[in-house]
Amino acid sequence: MRALARAISAVENRALGSSDLLKRLFPHTGRARVIGLTGSPGAGKSTLVDQLARLYRQKNRTVGIVAVDPTSPYTGGAILGDRIRMQEHFADPGIYIRSMATRGSLGGLARTTADVTTVLDASGRDVILVETVGVGQDEVDIVRLAEITIVILVPGMGDDVQTIKAGIMEIADIFVINKSDHEGAERVEREIRGLQSLALRHDGWTPPIVKTVASAGTGVDELGAAISHYEDYLQKENLALKKSAENWQQRLVEMLRDTMLEKARAQMSDAKLQQLAAEVAEHKRDPYTLVEEIAAGRF
Ligand SMILES: Nc1nc2c(ncn2[C@@H]2O[C@H](COP(=O)(O)OP(=O)(O)OP(=O)(O)O)[C@@H](O)[C@H]2O)c(=O)[nH]1
Ligand SMILES: [Mg+2]
């Protein structure tokens, strides 16, 4: 447990030696089922993660949880709430929970989350649940590391299903309408069905819609069944590897971008960058040539 915590801190902080660690851990990964849960602030993601963790523990599967906390103005007390709720799991070594703050993360949240997931996977966790808030690009990136993505909606969003970013609709393998104890769950369901009828997925899967009341544990078994059903579908249609390759194609581009940027930045101090920027501002240099030169390592 302590080694795991230290390894996660190392990759989170991009500590010296962390990339060697990741290289050595990678061959031990690929066993865990990575499930991403995304949805708007307060939709009940943490409550649902908590319920799913219970469900998997009942089945004797070990669980890792990565909660990406937005540290946002809308959810001031979220971390505290999560901590308190999850406290009861702390006695269970079969559950490992890590919250990560969005703000101040080094080198991109998506990257850090992926690296933390790699460590958890290598540690032998059976299921890894990744919670992210669906408000930006980051969560779309983060789902690329999940084999199964659950998008959580809540009633009372008015016509908002229409305005949910298209990206979010496309990434859902399973829809959850949480807070189904509130009025309007059927309406949200109808709207999702309406949108689904317009666009078929290329893999032929129609994402099921599961209604839950996470705070009461209602619908959690059904959600577990929907997850298993999708897992079976991926297996049966030989889609797991294909999906993983698609995810990796995106992630490799991101990793490459990070690495090349780091390399370019390593050649140049902040002071130098500041000076060059001033020269461009004063039109003493053109930025196009400058960037080409930096990229070519001529700086
Ligand atoms: N009525 C009702 N309340 C719920 C349900 N699920 C969760 N809640 C409550 O909604 C609030 C937010 O739940 P969280 O699980 O913290 O939501 P979250 O999506 O993780 O929130 P952030 O991480 O802050 O974005 C809590 O007070 C929960 O108890 C539900 O199904 N019905
Ligand atoms: Mg939460």
# chains A, B, ... in the order shown; residues from 1 in each chain; ligands from 1

$ closest_atom_pairs --of "chain A" --to "ligand 1" --cutoff "7 Å" --atoms "only C-alpha atoms and all ligand atoms" --output "Markdown table"
| residue | atom | partner | partner_atom_place_in_ligand_line | distance |
| --- | --- | --- | --- | --- |
| A:Gly39 | CA | ligand 1 | 19 (O) | 6.4 |
| A:Ser40 | CA | ligand 1 | 25 (O) | 6.0 |
| A:Pro41 | CA | ligand 1 | 25 (O) | 3.1 |
| A:Gly42 | CA | ligand 1 | 21 (O) | 3.3 |
| A:Ala43 | CA | ligand 1 | 19 (O) | 3.9 |
| A:Gly44 | CA | ligand 1 | 17 (O) | 3.2 |
| A:Lys45 | CA | ligand 1 | 19 (O) | 3.7 |
| A:Ser46 | CA | ligand 1 | 20 (O) | 3.6 |
| A:Thr47 | CA | ligand 1 | 15 (O) | 3.7 |
| A:Leu48 | CA | ligand 1 | 15 (O) | 6.4 |
| A:Asp69 | CA | ligand 1 | 23 (O) | 6.4 |
| A:Thr75 | CA | ligand 1 | 24 (O) | 4.6 |
| A:Ala78 | CA | ligand 1 | 24 (O) | 4.6 |
| A:Gly81 | CA | ligand 1 | 16 (O) | 6.6 |
| A:Asp82 | CA | ligand 1 | 16 (O) | 6.6 |
| A:Val133 | CA | ligand 1 | 25 (O) | 5.6 |
| A:Asn178 | CA | ligand 1 | 31 (O) | 4.9 |
| A:Lys179 | CA | ligand 1 | 31 (O) | 3.2 |
| A:Ser180 | CA | ligand 1 | 31 (O) | 5.9 |
| A:Asp181 | CA | ligand 1 | 32 (N) | 5.8 |
| A:His182 | CA | ligand 1 | 1 (N) | 6.5 |
| A:Thr212 | CA | ligand 1 | 31 (O) | 5.9 |
| A:Val213 | CA | ligand 1 | 31 (O) | 3.1 |
| A:Ala214 | CA | ligand 1 | 31 (O) | 4.1 |
| A:Ser215 | CA | ligand 1 | 6 (N) | 4.3 |
| A:Ala216 | CA | ligand 1 | 31 (O) | 6.7 |

$ write_last_selection --atoms "C-alpha atoms" --output "PDB file, in the first residue's frame"
ATOM      1  CA  GLY A  39     -20.952  14.229 -15.624  1.00  0.00           C
ATOM      2  CA  SER A  40     -21.695  17.742 -14.571  1.00  0.00           C
ATOM      3  CA  PRO A  41     -20.732  19.066 -11.138  1.00  0.00           C
ATOM      4  CA  GLY A  42     -22.859  17.552  -8.400  1.00  0.00           C
ATOM      5  CA  ALA A  43     -24.471  14.956 -10.690  1.00  0.00           C
ATOM      6  CA  GLY A  44     -23.640  12.260  -8.147  1.00  0.00           C
ATOM      7  CA  LYS A  45     -20.460  10.854  -9.659  1.00  0.00           C
ATOM      8  CA  SER A  46     -18.696  10.282  -6.349  1.00  0.00           C
ATOM      9  CA  THR A  47     -21.775   8.708  -4.813  1.00  0.00           C
ATOM     10  CA  LEU A  48     -22.064   6.371  -7.761  1.00  0.00           C
ATOM     11  CA  ASP A  69     -11.314  16.989  -8.381  1.00  0.00           C
ATOM     12  CA  THR A  75     -17.915  22.422  -5.943  1.00  0.00           C
ATOM     13  CA  ALA A  78     -16.318  18.305  -2.905  1.00  0.00           C
ATOM     14  CA  GLY A  81     -17.370  15.399   1.075  1.00  0.00           C
ATOM     15  CA  ASP A  82     -15.643  12.655  -0.882  1.00  0.00           C
ATOM     16  CA  VAL A 133     -16.244  16.445 -14.116  1.00  0.00           C
ATOM     17  CA  ASN A 178     -28.949   9.710 -11.622  1.00  0.00           C
ATOM     18  CA  LYS A 179     -31.213  11.444  -9.125  1.00  0.00           C
ATOM     19  CA  SER A 180     -34.114   9.606 -10.712  1.00  0.00           C
ATOM     20  CA  ASP A 181     -35.989  10.346  -7.514  1.00  0.00           C
ATOM     21  CA  HIS A 182     -36.294  13.862  -8.912  1.00  0.00           C
ATOM     22  CA  THR A 212     -30.263   5.357 -10.569  1.00  0.00           C
ATOM     23  CA  VAL A 213     -30.693   6.949  -7.194  1.00  0.00           C
ATOM     24  CA  ALA A 214     -27.076   6.690  -6.169  1.00  0.00           C
ATOM     25  CA  SER A 215     -27.635   8.081  -2.698  1.00  0.00           C
ATOM     26  CA  ALA A 216     -30.035   5.190  -1.971  1.00  0.00           C
TER      27      ALA A 216
END

$ select_by_dssp --residues "range 117-280 of chain A" --states "helix (DSSP H, G or I)" --output "ChimeraX atom specification"
/A:117-122,137-145,160-163,166-171,185-198,214-216,220-236,240-266,270-280

$ select_by_dssp --residues "range 100-267 of chain A" --states "strand (DSSP E)" --output "NGL selection string"
:A and (100-101 or 127-133 or 148-153 or 174-177 or 209-211)

$ write_last_selection --atoms "C-alpha atoms" --output "PDB file, in the first residue's frame"
ATOM      1  CA  MET A 100      -6.159  14.599  -7.749  1.00  0.00           C
ATOM      2  CA  ALA A 101      -6.533  18.331  -8.058  1.00  0.00           C
ATOM      3  CA  VAL A 127     -11.284  -2.443 -11.516  1.00  0.00           C
ATOM      4  CA  ILE A 128     -10.230   1.184 -11.732  1.00  0.00           C
ATOM      5  CA  LEU A 129     -12.903   3.855 -11.499  1.00  0.00           C
ATOM      6  CA  VAL A 130     -11.949   7.290 -12.795  1.00  0.00           C
ATOM      7  CA  GLU A 131     -14.232  10.180 -11.856  1.00  0.00           C
ATOM      8  CA  THR A 132     -14.030  13.412 -13.841  1.00  0.00           C
ATOM      9  CA  VAL A 133     -16.244  16.445 -14.116  1.00  0.00           C
ATOM     10  CA  ILE A 148     -15.918   1.850 -20.573  1.00  0.00           C
ATOM     11  CA  THR A 149     -17.245   5.373 -20.233  1.00  0.00           C
ATOM     12  CA  ILE A 150     -20.321   6.186 -18.219  1.00  0.00           C
ATOM     13  CA  VAL A 151     -21.924   9.579 -18.726  1.00  0.00           C
ATOM     14  CA  ILE A 152     -24.081  10.705 -15.817  1.00  0.00           C
ATOM     15  CA  LEU A 153     -27.001  13.012 -16.440  1.00  0.00           C
ATOM     16  CA  ILE A 174     -23.589   3.759 -20.941  1.00  0.00           C
ATOM     17  CA  PHE A 175     -25.846   6.600 -19.867  1.00  0.00           C
ATOM     18  CA  VAL A 176     -26.899   6.952 -16.266  1.00  0.00           C
ATOM     19  CA  ILE A 177     -29.762   9.181 -15.253  1.00  0.00           C
ATOM     20  CA  ILE A 209     -29.782   4.146 -20.263  1.00  0.00           C
ATOM     21  CA  VAL A 210     -29.808   3.183 -16.592  1.00  0.00           C
ATOM     22  CA  LYS A 211     -31.789   5.133 -14.024  1.00  0.00           C
TER      23      LYS A 211
END

$ atom_distance --atom1 "CA of His229 in chain A" --atom2 "CA of Pro207 in chain A"
10.6 Å

$ residues_around --residues "range 24-31 of chain A" --least-positions-apart "6" --cutoff "12 Å" --atoms "only C-alpha atoms" --output "PyMOL selection string"
chain A and resi 4+7-8+11+17-18+114-128+145-147+240-241+244

$ write_last_selection --atoms "N, CA, C and O atoms" --output "mmCIF file, in the first residue's frame"
data_model
loop_
_atom_site.group_PDB
_atom_site.id
_atom_site.type_symbol
_atom_site.label_atom_id
_atom_site.label_comp_id
_atom_site.auth_asym_id
_atom_site.auth_seq_id
_atom_site.Cartn_x
_atom_site.Cartn_y
_atom_site.Cartn_z
ATOM 1 N N LEU A 4 2.633 1.650 -3.307
ATOM 2 C CA LEU A 4 1.681 2.130 -4.313
ATOM 3 C C LEU A 4 1.498 3.640 -4.174
ATOM 4 O O LEU A 4 1.564 4.386 -5.154
ATOM 5 N N ALA A 7 4.579 5.401 -5.413
ATOM 6 C CA ALA A 7 4.707 5.349 -6.875
ATOM 7 C C ALA A 7 3.742 6.343 -7.519
ATOM 8 O O ALA A 7 4.090 7.047 -8.478
ATOM 9 N N ILE A 8 2.525 6.421 -6.974
ATOM 10 C CA ILE A 8 1.540 7.353 -7.537
ATOM 11 C C ILE A 8 2.010 8.794 -7.344
ATOM 12 O O ILE A 8 1.953 9.603 -8.265
ATOM 13 N N VAL A 11 4.710 9.625 -9.951
ATOM 14 C CA VAL A 11 4.285 9.939 -11.322
ATOM 15 C C VAL A 11 3.449 11.216 -11.360
ATOM 16 O O VAL A 11 3.507 11.972 -12.329
ATOM 17 N N GLY A 17 12.981 9.884 -12.254
ATOM 18 C CA GLY A 17 12.874 8.425 -12.248
ATOM 19 C C GLY A 17 11.471 7.917 -12.506
ATOM 20 O O GLY A 17 11.254 6.722 -12.675
ATOM 21 N N SER A 18 10.494 8.833 -12.550
ATOM 22 C CA SER A 18 9.119 8.350 -12.707
ATOM 23 C C SER A 18 8.885 7.780 -14.110
ATOM 24 O O SER A 18 8.098 6.855 -14.279
ATOM 25 N N ALA A 114 -3.709 9.375 -16.596
ATOM 26 C CA ALA A 114 -3.350 8.150 -17.311
ATOM 27 C C ALA A 114 -2.184 7.449 -16.610
ATOM 28 O O ALA A 114 -2.191 6.223 -16.434
ATOM 29 N N ASP A 115 -1.206 8.238 -16.185
ATOM 30 C CA ASP A 115 -0.040 7.646 -15.523
ATOM 31 C C ASP A 115 -0.426 7.028 -14.177
ATOM 32 O O ASP A 115 0.047 5.943 -13.833
ATOM 33 N N VAL A 116 -1.281 7.702 -13.448
ATOM 34 C CA VAL A 116 -1.731 7.165 -12.159
ATOM 35 C C VAL A 116 -2.503 5.862 -12.398
ATOM 36 O O VAL A 116 -2.353 4.883 -11.656
ATOM 37 N N THR A 117 -3.302 5.845 -13.447
ATOM 38 C CA THR A 117 -4.060 4.639 -13.788
ATOM 39 C C THR A 117 -3.112 3.493 -14.146
ATOM 40 O O THR A 117 -3.348 2.341 -13.768
ATOM 41 N N THR A 118 -2.053 3.819 -14.844
ATOM 42 C CA THR A 118 -1.043 2.806 -15.183
ATOM 43 C C THR A 118 -0.477 2.164 -13.916
ATOM 44 O O THR A 118 -0.357 0.938 -13.821
ATOM 45 N N VAL A 119 -0.162 3.000 -12.941
ATOM 46 C CA VAL A 119 0.400 2.477 -11.695
ATOM 47 C C VAL A 119 -0.604 1.573 -10.991
ATOM 48 O O VAL A 119 -0.272 0.469 -10.534
ATOM 49 N N LEU A 120 -1.851 2.029 -10.932
ATOM 50 C CA LEU A 120 -2.893 1.231 -10.256
ATOM 51 C C LEU A 120 -3.116 -0.103 -10.974
ATOM 52 O O LEU A 120 -3.269 -1.152 -10.337
ATOM 53 N N ASP A 121 -3.129 -0.050 -12.286
ATOM 54 C CA ASP A 121 -3.299 -1.254 -13.099
ATOM 55 C C ASP A 121 -2.159 -2.241 -12.805
ATOM 56 O O ASP A 121 -2.392 -3.419 -12.510
ATOM 57 N N ALA A 122 -0.946 -1.730 -12.823
ATOM 58 C CA ALA A 122 0.217 -2.592 -12.577
ATOM 59 C C ALA A 122 0.197 -3.178 -11.164
ATOM 60 O O ALA A 122 0.731 -4.254 -10.915
ATOM 61 N N SER A 123 -0.443 -2.455 -10.251
ATOM 62 C CA SER A 123 -0.480 -2.939 -8.867
ATOM 63 C C SER A 123 -1.446 -4.108 -8.709
ATOM 64 O O SER A 123 -1.526 -4.712 -7.650
ATOM 65 N N GLY A 124 -2.205 -4.388 -9.776
ATOM 66 C CA GLY A 124 -3.064 -5.568 -9.753
ATOM 67 C C GLY A 124 -4.507 -5.316 -9.395
ATOM 68 O O GLY A 124 -5.268 -6.260 -9.161
ATOM 69 N N ARG A 125 -4.896 -4.049 -9.377
ATOM 70 C CA ARG A 125 -6.314 -3.756 -9.125
ATOM 71 C C ARG A 125 -7.158 -4.360 -10.251
ATOM 72 O O ARG A 125 -6.781 -4.270 -11.414
ATOM 73 N N ASP A 126 -8.300 -4.915 -9.892
ATOM 74 C CA ASP A 126 -9.155 -5.520 -10.918
ATOM 75 C C ASP A 126 -9.958 -4.467 -11.676
ATOM 76 O O ASP A 126 -10.152 -4.565 -12.881
ATOM 77 N N VAL A 127 -10.433 -3.474 -10.919
ATOM 78 C CA VAL A 127 -11.284 -2.443 -11.516
ATOM 79 C C VAL A 127 -10.735 -1.080 -11.112
ATOM 80 O O VAL A 127 -10.377 -0.879 -9.954
ATOM 81 N N ILE A 128 -10.653 -0.175 -12.058
ATOM 82 C CA ILE A 128 -10.230 1.184 -11.732
ATOM 83 C C ILE A 128 -11.332 2.139 -12.171
ATOM 84 O O ILE A 128 -11.752 2.148 -13.328
ATOM 85 N N LEU A 145 -8.598 6.821 -21.725
ATOM 86 C CA LEU A 145 -7.882 5.778 -21.019
ATOM 87 C C LEU A 145 -8.866 4.763 -20.458
ATOM 88 O O LEU A 145 -8.467 3.737 -19.934
ATOM 89 N N ALA A 146 -10.142 5.046 -20.600
ATOM 90 C CA ALA A 146 -11.137 4.125 -20.067
ATOM 91 C C ALA A 146 -11.619 3.174 -21.150
ATOM 92 O O ALA A 146 -11.750 3.535 -22.304
ATOM 93 N N GLU A 147 -11.856 1.964 -20.722
ATOM 94 C CA GLU A 147 -12.410 0.992 -21.656
ATOM 95 C C GLU A 147 -13.921 1.205 -21.755
ATOM 96 O O GLU A 147 -14.533 0.954 -22.777
ATOM 97 N N ALA A 240 -12.448 -4.997 -28.038
ATOM 98 C CA ALA A 240 -11.644 -4.461 -26.934
ATOM 99 C C ALA A 240 -10.298 -3.947 -27.436
ATOM 100 O O ALA A 240 -9.885 -2.829 -27.128
ATOM 101 N N LEU A 241 -9.642 -4.766 -28.237
ATOM 102 C CA LEU A 241 -8.318 -4.392 -28.716
ATOM 103 C C LEU A 241 -8.394 -3.206 -29.679
ATOM 104 O O LEU A 241 -7.567 -2.300 -29.648
ATOM 105 N N SER A 244 -8.954 -0.104 -27.752
ATOM 106 C CA SER A 244 -7.723 0.266 -27.076
ATOM 107 C C SER A 244 -6.733 0.900 -28.061
ATOM 108 O O SER A 244 -6.075 1.899 -27.749
#

$ residues_around --residues "range 252-254 of chain A" --least-positions-apart "5" --cutoff "9 Å" --atoms "only C-alpha atoms" --output "PyMOL selection string"
chain A and resi 111+247+259

$ closest_residue --among "A:Leu273, A:Ala172, A:Ala185, A:Val280" --to "Pro155 in chain A" --atoms "only C-alpha atoms"
A:Ala185
